[in-house]
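Student: The file below is my_file36.pdb, PDB, N, CA and C atoms:
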```
ATOM      1  N   MET A  14      13.772 -30.049  -3.947
ATOM      2  CA  MET A  14      13.507 -28.951  -4.868
ATOM      3  C   MET A  14      12.515 -27.994  -4.204
ATOM      4  N   THR A  15      12.757 -26.721  -4.436
ATOM      5  CA  THR A  15      11.897 -25.673  -3.894
ATOM      6  C   THR A  15      11.181 -24.977  -5.042
ATOM      7  N   SER A  16       9.951 -24.554  -4.808
ATOM      8  CA  SER A  16       9.164 -23.857  -5.813
ATOM      9  C   SER A  16       8.496 -22.647  -5.177
ATOM     10  N   LYS A  17       8.412 -21.564  -5.937
ATOM     11  CA  LYS A  17       7.764 -20.355  -5.429
ATOM     12  C   LYS A  17       7.070 -19.650  -6.582
ATOM     13  N   THR A  18       5.854 -19.183  -6.335
ATOM     14  CA  THR A  18       5.112 -18.372  -7.300
ATOM     15  C   THR A  18       4.912 -16.996  -6.677
ATOM     16  N   PHE A  19       5.190 -15.969  -7.458
ATOM     17  CA  PHE A  19       5.139 -14.601  -6.951
ATOM     18  C   PHE A  19       4.749 -13.650  -8.064
ATOM     19  N   THR A  20       4.414 -12.424  -7.691
ATOM     20  CA  THR A  20       4.004 -11.388  -8.641
ATOM     21  C   THR A  20       5.193 -10.496  -8.981
ATOM     22  N   VAL A  21       5.279 -10.130 -10.255
ATOM     23  CA  VAL A  21       6.268  -9.156 -10.734
ATOM     24  C   VAL A  21       5.474  -8.072 -11.452
ATOM     25  N   PRO A  22       5.188  -6.957 -10.763
ATOM     26  CA  PRO A  22       4.332  -5.910 -11.347
ATOM     27  C   PRO A  22       4.852  -5.307 -12.650
ATOM     28  N   ASN A  23       6.161  -5.354 -12.894
ATOM     29  CA  ASN A  23       6.740  -4.735 -14.091
ATOM     30  C   ASN A  23       6.520  -5.541 -15.365
ATOM     31  N   ILE A  24       5.969  -6.738 -15.279
ATOM     32  CA  ILE A  24       5.719  -7.525 -16.487
ATOM     33  C   ILE A  24       4.589  -6.859 -17.274
ATOM     34  N   SER A  25       4.874  -6.588 -18.557
ATOM     35  CA  SER A  25       3.838  -5.966 -19.379
ATOM     36  C   SER A  25       3.673  -6.627 -20.745
ATOM     37  N   CYS A  26       4.593  -7.545 -21.101
ATOM     38  CA  CYS A  26       4.519  -8.130 -22.440
ATOM     39  C   CYS A  26       5.314  -9.429 -22.520
ATOM     40  N   GLY A  27       5.282 -10.024 -23.687
ATOM     41  CA  GLY A  27       6.020 -11.257 -23.919
ATOM     42  C   GLY A  27       7.522 -11.084 -23.805
ATOM     43  N   HIS A  28       8.011  -9.915 -24.193
ATOM     44  CA  HIS A  28       9.451  -9.658 -24.065
ATOM     45  C   HIS A  28       9.857  -9.720 -22.593
ATOM     46  N   CYS A  29       9.030  -9.167 -21.721
ATOM     47  CA  CYS A  29       9.316  -9.196 -20.283
ATOM     48  C   CYS A  29       9.399 -10.640 -19.784
ATOM     49  N   THR A  30       8.424 -11.456 -20.180
ATOM     50  CA  THR A  30       8.416 -12.841 -19.697
ATOM     51  C   THR A  30       9.618 -13.610 -20.232
ATOM     52  N   ARG A  31       9.978 -13.393 -21.489
ATOM     53  CA  ARG A  31      11.134 -14.086 -22.060
ATOM     54  C   ARG A  31      12.420 -13.662 -21.369
ATOM     55  N   THR A  32      12.543 -12.378 -21.047
ATOM     56  CA  THR A  32      13.731 -11.887 -20.346
ATOM     57  C   THR A  32      13.850 -12.543 -18.980
ATOM     58  N   ILE A  33      12.765 -12.569 -18.227
ATOM     59  CA  ILE A  33      12.774 -13.182 -16.898
ATOM     60  C   ILE A  33      13.116 -14.665 -16.998
ATOM     61  N   GLU A  34      12.468 -15.373 -17.910
ATOM     62  CA  GLU A  34      12.717 -16.808 -18.060
ATOM     63  C   GLU A  34      14.164 -17.081 -18.462
ATOM     64  N   ARG A  35      14.710 -16.283 -19.369
ATOM     65  CA  ARG A  35      16.090 -16.483 -19.823
ATOM     66  C   ARG A  35      17.082 -16.198 -18.700
ATOM     67  N   GLU A  36      16.925 -15.033 -18.063
ATOM     68  CA  GLU A  36      17.882 -14.624 -17.028
ATOM     69  C   GLU A  36      17.851 -15.572 -15.821
ATOM     70  N   LEU A  37      16.662 -15.891 -15.322
ATOM     71  CA  LEU A  37      16.593 -16.794 -14.175
ATOM     72  C   LEU A  37      17.027 -18.200 -14.557
ATOM     73  N   GLY A  38      16.719 -18.613 -15.777
ATOM     74  CA  GLY A  38      17.102 -19.942 -16.247
ATOM     75  C   GLY A  38      18.600 -20.158 -16.307
ATOM     76  N   GLU A  39      19.367 -19.065 -16.375
ATOM     77  CA  GLU A  39      20.823 -19.173 -16.423
ATOM     78  C   GLU A  39      21.449 -19.326 -15.037
ATOM     79  N   LEU A  40      20.679 -19.108 -13.978
ATOM     80  CA  LEU A  40      21.210 -19.283 -12.621
ATOM     81  C   LEU A  40      21.440 -20.761 -12.353
ATOM     82  N   THR A  41      22.608 -21.093 -11.827
ATOM     83  CA  THR A  41      22.916 -22.473 -11.483
ATOM     84  C   THR A  41      21.969 -22.955 -10.394
ATOM     85  N   GLY A  42      21.297 -24.062 -10.658
ATOM     86  CA  GLY A  42      20.362 -24.634  -9.700
ATOM     87  C   GLY A  42      18.905 -24.383 -10.046
ATOM     88  N   VAL A  43      18.631 -23.386 -10.892
ATOM     89  CA  VAL A  43      17.243 -23.122 -11.311
ATOM     90  C   VAL A  43      16.875 -24.162 -12.362
ATOM     91  N   THR A  44      15.807 -24.894 -12.109
ATOM     92  CA  THR A  44      15.413 -25.987 -13.003
ATOM     93  C   THR A  44      14.223 -25.646 -13.888
ATOM     94  N   ARG A  45      13.400 -24.674 -13.477
ATOM     95  CA  ARG A  45      12.220 -24.307 -14.277
ATOM     96  C   ARG A  45      11.803 -22.888 -13.951
ATOM     97  N   VAL A  46      11.442 -22.142 -15.005
ATOM     98  CA  VAL A  46      10.919 -20.784 -14.830
ATOM     99  C   VAL A  46       9.746 -20.629 -15.785
ATOM    100  N   LYS A  47       8.627 -20.161 -15.270
ATOM    101  CA  LYS A  47       7.462 -19.884 -16.112
ATOM    102  C   LYS A  47       6.909 -18.524 -15.709
ATOM    103  N   ALA A  48       6.922 -17.592 -16.653
ATOM    104  CA  ALA A  48       6.397 -16.250 -16.412
ATOM    105  C   ALA A  48       5.162 -16.045 -17.281
ATOM    106  N   ASP A  49       4.163 -15.360 -16.743
ATOM    107  CA  ASP A  49       2.906 -15.120 -17.456
ATOM    108  C   ASP A  49       2.590 -13.627 -17.452
ATOM    109  N   ALA A  50       2.502 -13.041 -18.639
ATOM    110  CA  ALA A  50       2.263 -11.601 -18.750
ATOM    111  C   ALA A  50       0.867 -11.207 -18.283
ATOM    112  N   ALA A  51      -0.125 -12.025 -18.557
ATOM    113  CA  ALA A  51      -1.506 -11.675 -18.211
ATOM    114  C   ALA A  51      -1.704 -11.567 -16.696
ATOM    115  N   SER A  52      -1.153 -12.509 -15.958
ATOM    116  CA  SER A  52      -1.335 -12.521 -14.497
ATOM    117  C   SER A  52      -0.195 -11.836 -13.752
ATOM    118  N   LYS A  53       0.887 -11.537 -14.489
ATOM    119  CA  LYS A  53       2.103 -10.954 -13.897
ATOM    120  C   LYS A  53       2.709 -11.877 -12.831
ATOM    121  N   GLN A  54       2.486 -13.186 -13.016
ATOM    122  CA  GLN A  54       2.982 -14.190 -12.077
ATOM    123  C   GLN A  54       4.195 -14.913 -12.667
ATOM    124  N   VAL A  55       5.119 -15.251 -11.776
ATOM    125  CA  VAL A  55       6.294 -16.027 -12.154
ATOM    126  C   VAL A  55       6.389 -17.205 -11.195
ATOM    127  N   THR A  56       6.638 -18.383 -11.736
ATOM    128  CA  THR A  56       6.883 -19.572 -10.921
ATOM    129  C   THR A  56       8.299 -20.036 -11.210
ATOM    130  N   VAL A  57       9.063 -20.251 -10.147
ATOM    131  CA  VAL A  57      10.446 -20.700 -10.265
ATOM    132  C   VAL A  57      10.623 -21.949  -9.424
ATOM    133  N   GLU A  58      11.297 -22.945  -9.988
ATOM    134  CA  GLU A  58      11.687 -24.138  -9.247
ATOM    135  C   GLU A  58      13.205 -24.174  -9.222
ATOM    136  N   TRP A  59      13.762 -24.493  -8.048
ATOM    137  CA  TRP A  59      15.218 -24.525  -7.941
ATOM    138  C   TRP A  59      15.663 -25.507  -6.870
ATOM    139  N   GLU A  60      16.978 -25.788  -6.941
ATOM    140  CA  GLU A  60      17.644 -26.604  -5.938
ATOM    141  C   GLU A  60      19.005 -25.957  -5.699
ATOM    142  N   GLU A  61      19.702 -26.413  -4.688
ATOM    143  CA  GLU A  61      21.015 -25.833  -4.400
ATOM    144  C   GLU A  61      21.918 -25.978  -5.608
ATOM    145  N   PRO A  62      22.763 -25.016  -5.893
ATOM    146  CA  PRO A  62      23.177 -23.901  -5.040
ATOM    147  C   PRO A  62      22.306 -22.649  -5.146
ATOM    148  N   ALA A  63      21.254 -22.666  -5.965
ATOM    149  CA  ALA A  63      20.380 -21.486  -6.067
ATOM    150  C   ALA A  63      19.634 -21.285  -4.747
ATOM    151  N   THR A  64      19.343 -20.035  -4.439
ATOM    152  CA  THR A  64      18.560 -19.691  -3.253
ATOM    153  C   THR A  64      17.539 -18.628  -3.640
ATOM    154  N   TRP A  65      16.527 -18.465  -2.807
ATOM    155  CA  TRP A  65      15.538 -17.420  -3.051
ATOM    156  C   TRP A  65      16.210 -16.054  -3.068
ATOM    157  N   ASP A  66      17.185 -15.837  -2.192
ATOM    158  CA  ASP A  66      17.895 -14.551  -2.163
ATOM    159  C   ASP A  66      18.610 -14.279  -3.483
ATOM    160  N   ASN A  67      19.244 -15.308  -4.081
ATOM    161  CA  ASN A  67      19.908 -15.143  -5.386
ATOM    162  C   ASN A  67      18.894 -14.783  -6.469
ATOM    163  N   ILE A  68      17.780 -15.492  -6.455
ATOM    164  CA  ILE A  68      16.743 -15.277  -7.466
ATOM    165  C   ILE A  68      16.173 -13.872  -7.335
ATOM    166  N   ARG A  69      15.841 -13.490  -6.136
ATOM    167  CA  ARG A  69      15.271 -12.161  -5.897
ATOM    168  C   ARG A  69      16.254 -11.049  -6.274
ATOM    169  N   ALA A  70      17.531 -11.239  -5.941
ATOM    170  CA  ALA A  70      18.552 -10.240  -6.280
ATOM    171  C   ALA A  70      18.688 -10.084  -7.796
ATOM    172  N   LEU A  71      18.648 -11.188  -8.520
ATOM    173  CA  LEU A  71      18.756 -11.113  -9.978
ATOM    174  C   LEU A  71      17.544 -10.402 -10.567
ATOM    175  N   LEU A  72      16.362 -10.689 -10.055
ATOM    176  CA  LEU A  72      15.166 -10.002 -10.540
ATOM    177  C   LEU A  72      15.279  -8.496 -10.330
ATOM    178  N   GLU A  73      15.792  -8.074  -9.203
ATOM    179  CA  GLU A  73      15.977  -6.636  -8.967
ATOM    180  C   GLU A  73      17.006  -6.065  -9.920
ATOM    181  N   GLU A  74      18.085  -6.808 -10.150
ATOM    182  CA  GLU A  74      19.156  -6.354 -11.036
ATOM    183  C   GLU A  74      18.659  -6.123 -12.464
ATOM    184  N   ILE A  75      17.723  -6.955 -12.927
ATOM    185  CA  ILE A  75      17.210  -6.810 -14.299
ATOM    186  C   ILE A  75      15.917  -5.991 -14.343
ATOM    187  N   ASN A  76      15.609  -5.297 -13.254
ATOM    188  CA  ASN A  76      14.464  -4.379 -13.154
ATOM    189  C   ASN A  76      13.100  -5.059 -13.226
ATOM    190  N   TYR A  77      13.027  -6.277 -12.702
ATOM    191  CA  TYR A  77      11.758  -6.975 -12.551
ATOM    192  C   TYR A  77      11.647  -7.484 -11.110
ATOM    193  N   PRO A  78      11.613  -6.576 -10.127
ATOM    194  CA  PRO A  78      11.602  -7.020  -8.731
ATOM    195  C   PRO A  78      10.316  -7.773  -8.371
ATOM    196  N   ALA A  79      10.507  -8.796  -7.542
ATOM    197  CA  ALA A  79       9.375  -9.613  -7.078
ATOM    198  C   ALA A  79       8.622  -8.846  -5.995
ATOM    199  N   GLU A  80       7.297  -8.961  -6.043
ATOM    200  CA  GLU A  80       6.443  -8.370  -5.011
ATOM    201  C   GLU A  80       5.945  -9.507  -4.128
ATOM    202  N   MET A  81       6.107  -9.355  -2.849
ATOM    203  CA  MET A  81       5.703 -10.437  -1.943
ATOM    204  C   MET A  81       4.399 -10.143  -1.277
TER     205      MET A  81
END
```
As structure tokens, please, write out the structure in this file.
Tutor:
Amino acid sequence: MTSKTFTVPNISCGHCTRTIERELGELTGVTRVKADAASKQVTVEWEEPATWDNIRALLEEINYPAEM
């Protein structure tokens, strides 16, 4: 299992965190998503077939791009 914590500057409220958690949670292989509005941090845990590239692409698609 792989885990990554990163910043998403576009997070501004609970709706943002719920959207990120719901959308990423639907990706096959993603096992856990926790987004925090106060810190603008997201932690994702995944295993194959999910990849960091898939996760990052989905975040961009839903207008919450990850900042590295």
Student: What does the distance between atom C of Thr32 of chain A and atom N of Met14 of chain A come to in Å, to one decimal place?
Tutor: 23.1 Å
Student: Leaving out Glu61 of chain A and any residue of its chain fewer than 2 positions from it, which residues lie within 9 Å of it when counting only C-alpha atoms, given as a PyMOL selection string?
Tutor: chain A and resi 14+41-43+59+63-64
Student: Please produce a file of those selected residues containing N, CA and C atoms, as a CSV table (one decimal), keeping the file's coordinate frame.
Tutor:
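Printed below is again08.csv as written:
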```csv
chain,number,residue,atom,x,y,z
A,14,MET,N,13.8,-30.0,-3.9
A,14,MET,CA,13.5,-29.0,-4.9
A,14,MET,C,12.5,-28.0,-4.2
A,41,THR,N,22.6,-21.1,-11.8
A,41,THR,CA,22.9,-22.5,-11.5
A,41,THR,C,22.0,-23.0,-10.4
A,42,GLY,N,21.3,-24.1,-10.7
A,42,GLY,CA,20.4,-24.6,-9.7
A,42,GLY,C,18.9,-24.4,-10.0
A,43,VAL,N,18.6,-23.4,-10.9
A,43,VAL,CA,17.2,-23.1,-11.3
A,43,VAL,C,16.9,-24.2,-12.4
A,59,TRP,N,13.8,-24.5,-8.0
A,59,TRP,CA,15.2,-24.5,-7.9
A,59,TRP,C,15.7,-25.5,-6.9
A,63,ALA,N,21.3,-22.7,-6.0
A,63,ALA,CA,20.4,-21.5,-6.1
A,63,ALA,C,19.6,-21.3,-4.7
A,64,THR,N,19.3,-20.0,-4.4
A,64,THR,CA,18.6,-19.7,-3.3
A,64,THR,C,17.5,-18.6,-3.6
```
Student: Pick from A:Ser25, A:Tyr77, A:Leu72, A:Lys17: nearest to Asp49 of chain A, with all atoms listed in the file counted?
Tutor: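 Among the listed residues, A:Ser25 lies closest to Asp49 of chain A.
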Student: In segment 18-77 of chain A, what's helix (DSSP H, G or I) per DSSP? Answer as a list of chain:residue names?
Tutor: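 Output for segment 18-77 of chain A, helix (DSSP H, G or I) only: A:Gly27, A:His28, A:Cys29, A:Thr30, A:Arg31, A:Thr32, A:Ile33, A:Glu34, A:Arg35, A:Glu36, A:Leu37, A:Gly38, A:Trp65, A:Asp66, A:Asn67, A:Ile68, A:Arg69, A:Ala70, A:Leu71, A:Leu72, A:Glu73, A:Glu74.
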Student: Can you work out which one of A:Val21, A:Cys29, A:Leu37, A:Val55 has the shortest atom-to-atom distance to Asn67 of chain A, counting only C-alpha atoms?
Tutor: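 Using only C-alpha atoms, the shortest distance to Asn67 of chain A belongs to A:Leu37.
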Student: Write out as an MDAnalysis selection string each polymer residue whose atoms come within 8 Å of Ala51 of chain A, counting only N, CA and C atoms; drop sequence neighbours fewer than 6 positions from it.
Tutor: chainID A and resid 24:27
